[in-house]
Amino acid sequence: MKGYLHIYEGDGKGKTTAAVGLAVRCAGSGQKVLFTQFLKGNTSSEIGVLERIPNIIVYQNHKAFGFSFMMDSREQNDAKTYYRDHFRETIFFAKRERVRLLVLDELLDVYNLNMVDQAEVCHFLRTRPADMEVVLTGRNPSTELVRMADYISQVKKIKHPYDWGVSARVGIEM
């Protein structure tokens, strides 16, 4: 079965939720899934339940560096090194485990911040195993990634409690 590239992007709530739903569907059909996150440090509440689902492997991202615009240059360099290594390790693991679905949550954001090697990401997407489905989430996919994508779903914010000062709530936004 051919694997396709999905992008869930936009400024609205639900990109990760859509990726989690697809991971559950794929695992429920008996296929192997690898799920990893960038920028979040595995603090999102879905991680605990994903780890308990047969056929889903959560490849932990053990560091969170905070918002990129609040980082000094040393923190940005540390984040760049960490996320480049995390991407490479994830790809190696996904190929070794022969996963059917690879979810790279928030990859679009680290891609846009040059915290992963963009050429390396594109090369992987072009040369990945033919049956590997890949999901990228985040905001503002590059023209190159849009060209490569088979599915693009945009999650558009119309209204969100954050706009009037409500912080992210455990179990709902995180």
# chains A, B, ... in the order shown; residues from 1 in each chain; ligands from 1

$ select_by_dssp --residues "chain A" --states "helix (DSSP H, G or I)" --output "PyMOL selection string"
chain A and resi 15-28+46-50+68-70+73-97+107-112+118-127+143-148+161-164

$ residues_around --residues "Arg128 (chain A)" --least-positions-apart "6" --cutoff "12 Å" --atoms "only C-alpha atoms" --output "JSON, numbers by chain"
{"A": [2, 3, 4, 5, 91, 92, 94, 95, 96, 98, 99, 100, 101, 102, 120, 121, 122, 134]}

$ residues_around --residues "region 143-160 of chain A" --least-positions-apart "5" --cutoff "10 Å" --atoms "only C-alpha atoms" --output "JSON, numbers by chain"
{"A": [3, 4, 5, 6, 7, 8, 9, 10, 11, 12, 13, 14, 15, 18, 108, 118, 121, 122, 125, 126, 134, 135, 136, 137, 138, 165, 166]}

$ select_by_dssp --residues "region 21-167 of chain A" --states "strand (DSSP E or B)" --output "PyMOL selection string"
chain A and resi 33-37+56-58+101-105+133-138+151-154

$ write_last_selection --atoms "N, CA, C and O atoms" --output "PDB file, in the first residue's frame"
ATOM      1  N   VAL A  33       2.614   2.299  14.353  1.00  0.00           N
ATOM      2  CA  VAL A  33       2.660   3.759  14.322  1.00  0.00           C
ATOM      3  C   VAL A  33       3.821   4.238  15.191  1.00  0.00           C
ATOM      4  O   VAL A  33       4.048   3.702  16.280  1.00  0.00           O
ATOM      5  N   LEU A  34       4.519   5.253  14.720  1.00  0.00           N
ATOM      6  CA  LEU A  34       5.509   5.955  15.536  1.00  0.00           C
ATOM      7  C   LEU A  34       5.057   7.398  15.655  1.00  0.00           C
ATOM      8  O   LEU A  34       4.798   8.059  14.645  1.00  0.00           O
ATOM      9  N   PHE A  35       4.938   7.880  16.881  1.00  0.00           N
ATOM     10  CA  PHE A  35       4.451   9.230  17.171  1.00  0.00           C
ATOM     11  C   PHE A  35       5.528   9.969  17.942  1.00  0.00           C
ATOM     12  O   PHE A  35       6.013   9.482  18.961  1.00  0.00           O
ATOM     13  N   THR A  36       5.913  11.145  17.465  1.00  0.00           N
ATOM     14  CA  THR A  36       6.867  11.974  18.196  1.00  0.00           C
ATOM     15  C   THR A  36       6.462  13.432  18.095  1.00  0.00           C
ATOM     16  O   THR A  36       5.733  13.819  17.178  1.00  0.00           O
ATOM     17  N   GLN A  37       6.947  14.218  19.054  1.00  0.00           N
ATOM     18  CA  GLN A  37       6.629  15.640  19.085  1.00  0.00           C
ATOM     19  C   GLN A  37       7.907  16.471  19.134  1.00  0.00           C
ATOM     20  O   GLN A  37       8.913  16.039  19.692  1.00  0.00           O
ATOM     21  N   ILE A  56       1.271   1.398  18.838  1.00  0.00           N
ATOM     22  CA  ILE A  56       1.760   2.774  18.815  1.00  0.00           C
ATOM     23  C   ILE A  56       3.020   2.869  19.658  1.00  0.00           C
ATOM     24  O   ILE A  56       3.033   2.482  20.826  1.00  0.00           O
ATOM     25  N   ILE A  57       4.063   3.378  19.043  1.00  0.00           N
ATOM     26  CA  ILE A  57       5.323   3.644  19.722  1.00  0.00           C
ATOM     27  C   ILE A  57       5.429   5.156  19.857  1.00  0.00           C
ATOM     28  O   ILE A  57       5.327   5.880  18.852  1.00  0.00           O
ATOM     29  N   VAL A  58       5.608   5.641  21.074  1.00  0.00           N
ATOM     30  CA  VAL A  58       5.841   7.066  21.286  1.00  0.00           C
ATOM     31  C   VAL A  58       7.338   7.236  21.462  1.00  0.00           C
ATOM     32  O   VAL A  58       7.932   6.664  22.381  1.00  0.00           O
ATOM     33  N   LEU A 101       2.784   4.306   9.827  1.00  0.00           N
ATOM     34  CA  LEU A 101       2.455   5.719   9.991  1.00  0.00           C
ATOM     35  C   LEU A 101       3.473   6.375  10.908  1.00  0.00           C
ATOM     36  O   LEU A 101       3.742   5.879  12.005  1.00  0.00           O
ATOM     37  N   LEU A 102       4.022   7.485  10.453  1.00  0.00           N
ATOM     38  CA  LEU A 102       4.952   8.295  11.240  1.00  0.00           C
ATOM     39  C   LEU A 102       4.319   9.663  11.444  1.00  0.00           C
ATOM     40  O   LEU A 102       4.018  10.363  10.477  1.00  0.00           O
ATOM     41  N   VAL A 103       4.099  10.038  12.712  1.00  0.00           N
ATOM     42  CA  VAL A 103       3.549  11.353  13.042  1.00  0.00           C
ATOM     43  C   VAL A 103       4.672  12.211  13.606  1.00  0.00           C
ATOM     44  O   VAL A 103       5.287  11.853  14.617  1.00  0.00           O
ATOM     45  N   LEU A 104       4.926  13.335  12.933  1.00  0.00           N
ATOM     46  CA  LEU A 104       5.940  14.303  13.347  1.00  0.00           C
ATOM     47  C   LEU A 104       5.207  15.576  13.775  1.00  0.00           C
ATOM     48  O   LEU A 104       5.058  16.518  13.001  1.00  0.00           O
ATOM     49  N   ASP A 105       4.739  15.560  15.021  1.00  0.00           N
ATOM     50  CA  ASP A 105       3.927  16.649  15.549  1.00  0.00           C
ATOM     51  C   ASP A 105       4.787  17.891  15.785  1.00  0.00           C
ATOM     52  O   ASP A 105       5.832  17.808  16.427  1.00  0.00           O
ATOM     53  N   GLU A 133       3.300   6.175   5.579  1.00  0.00           N
ATOM     54  CA  GLU A 133       2.451   7.368   5.633  1.00  0.00           C
ATOM     55  C   GLU A 133       3.094   8.322   6.638  1.00  0.00           C
ATOM     56  O   GLU A 133       3.571   7.888   7.689  1.00  0.00           O
ATOM     57  N   VAL A 134       3.133   9.618   6.335  1.00  0.00           N
ATOM     58  CA  VAL A 134       3.754  10.594   7.233  1.00  0.00           C
ATOM     59  C   VAL A 134       2.795  11.749   7.460  1.00  0.00           C
ATOM     60  O   VAL A 134       2.156  12.237   6.527  1.00  0.00           O
ATOM     61  N   VAL A 135       2.705  12.185   8.728  1.00  0.00           N
ATOM     62  CA  VAL A 135       1.896  13.343   9.104  1.00  0.00           C
ATOM     63  C   VAL A 135       2.820  14.404   9.683  1.00  0.00           C
ATOM     64  O   VAL A 135       3.620  14.117  10.577  1.00  0.00           O
ATOM     65  N   LEU A 136       2.688  15.625   9.170  1.00  0.00           N
ATOM     66  CA  LEU A 136       3.385  16.793   9.710  1.00  0.00           C
ATOM     67  C   LEU A 136       2.330  17.741  10.252  1.00  0.00           C
ATOM     68  O   LEU A 136       1.326  17.992   9.582  1.00  0.00           O
ATOM     69  N   THR A 137       2.556  18.292  11.450  1.00  0.00           N
ATOM     70  CA  THR A 137       1.626  19.284  11.974  1.00  0.00           C
ATOM     71  C   THR A 137       2.380  20.572  12.275  1.00  0.00           C
ATOM     72  O   THR A 137       3.603  20.581  12.403  1.00  0.00           O
ATOM     73  N   GLY A 138       1.625  21.660  12.396  1.00  0.00           N
ATOM     74  CA  GLY A 138       2.202  22.956  12.741  1.00  0.00           C
ATOM     75  C   GLY A 138       1.565  24.060  11.923  1.00  0.00           C
ATOM     76  O   GLY A 138       0.421  23.944  11.483  1.00  0.00           O
ATOM     77  N   TYR A 151      -2.115  15.276   1.139  1.00  0.00           N
ATOM     78  CA  TYR A 151      -3.265  15.796   1.889  1.00  0.00           C
ATOM     79  C   TYR A 151      -2.810  17.075   2.588  1.00  0.00           C
ATOM     80  O   TYR A 151      -1.737  17.088   3.190  1.00  0.00           O
ATOM     81  N   ILE A 152      -3.613  18.103   2.538  1.00  0.00           N
ATOM     82  CA  ILE A 152      -3.381  19.283   3.367  1.00  0.00           C
ATOM     83  C   ILE A 152      -4.723  19.668   3.970  1.00  0.00           C
ATOM     84  O   ILE A 152      -5.687  19.917   3.254  1.00  0.00           O
ATOM     85  N   SER A 153      -4.745  19.680   5.302  1.00  0.00           N
ATOM     86  CA  SER A 153      -5.939  20.113   6.019  1.00  0.00           C
ATOM     87  C   SER A 153      -5.565  21.349   6.818  1.00  0.00           C
ATOM     88  O   SER A 153      -4.564  21.351   7.544  1.00  0.00           O
ATOM     89  N   GLN A 154      -6.366  22.385   6.669  1.00  0.00           N
ATOM     90  CA  GLN A 154      -6.105  23.621   7.394  1.00  0.00           C
ATOM     91  C   GLN A 154      -7.086  23.746   8.553  1.00  0.00           C
ATOM     92  O   GLN A 154      -8.298  23.595   8.374  1.00  0.00           O
TER      93      GLN A 154
END

$ residues_around --residues "region 75-84 of chain A" --least-positions-apart "4" --cutoff "10 Å" --atoms "only C-alpha atoms" --output "compact mmCIF listing (two decimals) with N, CA, C and O atoms, in the first residue's frame"
# COMPACT_ATOMS: atom_id res chain seq x y z
N GLN A 37 6.95 14.22 19.05
CA GLN A 37 6.63 15.64 19.09
C GLN A 37 7.91 16.47 19.13
O GLN A 37 8.91 16.04 19.69
N PHE A 38 7.83 17.64 18.57
CA PHE A 38 8.87 18.64 18.66
C PHE A 38 8.27 19.82 19.42
O PHE A 38 7.05 20.05 19.36
N LEU A 39 9.08 20.53 20.15
CA LEU A 39 8.71 21.74 20.89
C LEU A 39 7.89 21.49 22.15
O LEU A 39 7.89 22.32 23.04
N ASN A 61 10.41 12.97 23.16
CA ASN A 61 11.23 14.17 23.04
C ASN A 61 11.36 14.66 24.48
O ASN A 61 10.39 15.10 25.06
N HIS A 62 12.53 14.53 25.06
CA HIS A 62 12.68 14.78 26.49
C HIS A 62 13.01 16.22 26.85
O HIS A 62 13.21 16.51 28.03
N LYS A 63 13.07 17.10 25.88
CA LYS A 63 13.40 18.49 26.19
C LYS A 63 12.39 19.44 25.59
O LYS A 63 11.91 19.23 24.50
N ALA A 64 12.12 20.48 26.34
CA ALA A 64 11.31 21.59 25.84
C ALA A 64 12.12 22.85 26.09
O ALA A 64 12.61 23.06 27.20
N PHE A 65 12.28 23.65 25.08
CA PHE A 65 13.10 24.85 25.18
C PHE A 65 12.28 26.11 25.35
O PHE A 65 12.82 27.19 25.45
N GLY A 66 10.97 25.98 25.34
CA GLY A 66 10.14 27.17 25.44
C GLY A 66 9.92 27.82 24.09
O GLY A 66 10.30 27.27 23.05
N PHE A 67 9.35 28.99 24.11
CA PHE A 67 9.07 29.70 22.86
C PHE A 67 10.36 30.20 22.24
O PHE A 67 11.20 30.79 22.94
N SER A 68 10.51 30.01 20.94
CA SER A 68 11.75 30.37 20.27
C SER A 68 12.06 31.86 20.38
O SER A 68 13.21 32.25 20.50
N PHE A 69 11.03 32.70 20.37
CA PHE A 69 11.26 34.14 20.43
C PHE A 69 11.75 34.60 21.81
O PHE A 69 12.22 35.72 21.96
N MET A 70 11.70 33.70 22.81
CA MET A 70 12.18 34.04 24.15
C MET A 70 13.58 33.46 24.41
O MET A 70 14.16 33.69 25.47
N MET A 71 14.12 32.71 23.44
CA MET A 71 15.42 32.07 23.63
C MET A 71 16.55 33.03 23.29
O MET A 71 16.44 33.80 22.33
N ARG A 88 16.68 13.04 13.27
CA ARG A 88 17.48 11.95 12.71
C ARG A 88 17.22 10.63 13.43
O ARG A 88 17.08 9.58 12.79
N GLU A 89 17.16 10.67 14.76
CA GLU A 89 16.90 9.46 15.53
C GLU A 89 15.50 8.91 15.24
O GLU A 89 15.31 7.70 15.13
N THR A 90 14.54 9.80 15.12
CA THR A 90 13.16 9.39 14.83
C THR A 90 13.09 8.69 13.49
O THR A 90 12.45 7.63 13.36
N LEU A 107 6.47 19.46 13.58
CA LEU A 107 7.66 19.52 12.72
C LEU A 107 7.66 20.80 11.87
O LEU A 107 8.71 21.38 11.64
N VAL A 110 9.44 23.66 13.81
CA VAL A 110 10.90 23.59 13.90
C VAL A 110 11.55 23.70 12.52
O VAL A 110 12.65 24.23 12.38
N TYR A 111 10.85 23.25 11.51
CA TYR A 111 11.32 23.40 10.12
C TYR A 111 11.41 24.89 9.76
O TYR A 111 12.42 25.36 9.26
N LEU A 113 11.70 27.38 11.71
CA LEU A 113 12.69 28.05 12.56
C LEU A 113 14.11 27.59 12.26
O LEU A 113 15.06 27.98 12.95
N ASN A 114 14.27 26.73 11.25
CA ASN A 114 15.57 26.15 10.89
C ASN A 114 16.20 25.38 12.04
O ASN A 114 17.42 25.36 12.19
N MET A 115 15.37 24.76 12.86
CA MET A 115 15.88 23.95 13.96
C MET A 115 16.03 22.49 13.56
O MET A 115 16.46 21.67 14.37
N VAL A 116 15.64 22.18 12.34
CA VAL A 116 15.97 20.91 11.70
C VAL A 116 16.54 21.29 10.34
O VAL A 116 16.29 22.38 9.83
N ASP A 117 17.31 20.39 9.76
CA ASP A 117 17.88 20.64 8.45
C ASP A 117 16.77 20.47 7.41
O ASP A 117 16.28 19.36 7.19
N GLN A 118 16.37 21.56 6.78
CA GLN A 118 15.25 21.52 5.83
C GLN A 118 15.53 20.59 4.67
O GLN A 118 14.64 19.84 4.24
N GLU A 120 17.40 17.98 4.69
CA GLU A 120 17.33 16.61 5.21
C GLU A 120 15.88 16.15 5.36
O GLU A 120 15.54 15.01 5.04
N VAL A 121 15.02 17.04 5.84
CA VAL A 121 13.60 16.71 5.97
C VAL A 121 13.02 16.39 4.59
O VAL A 121 12.34 15.37 4.40
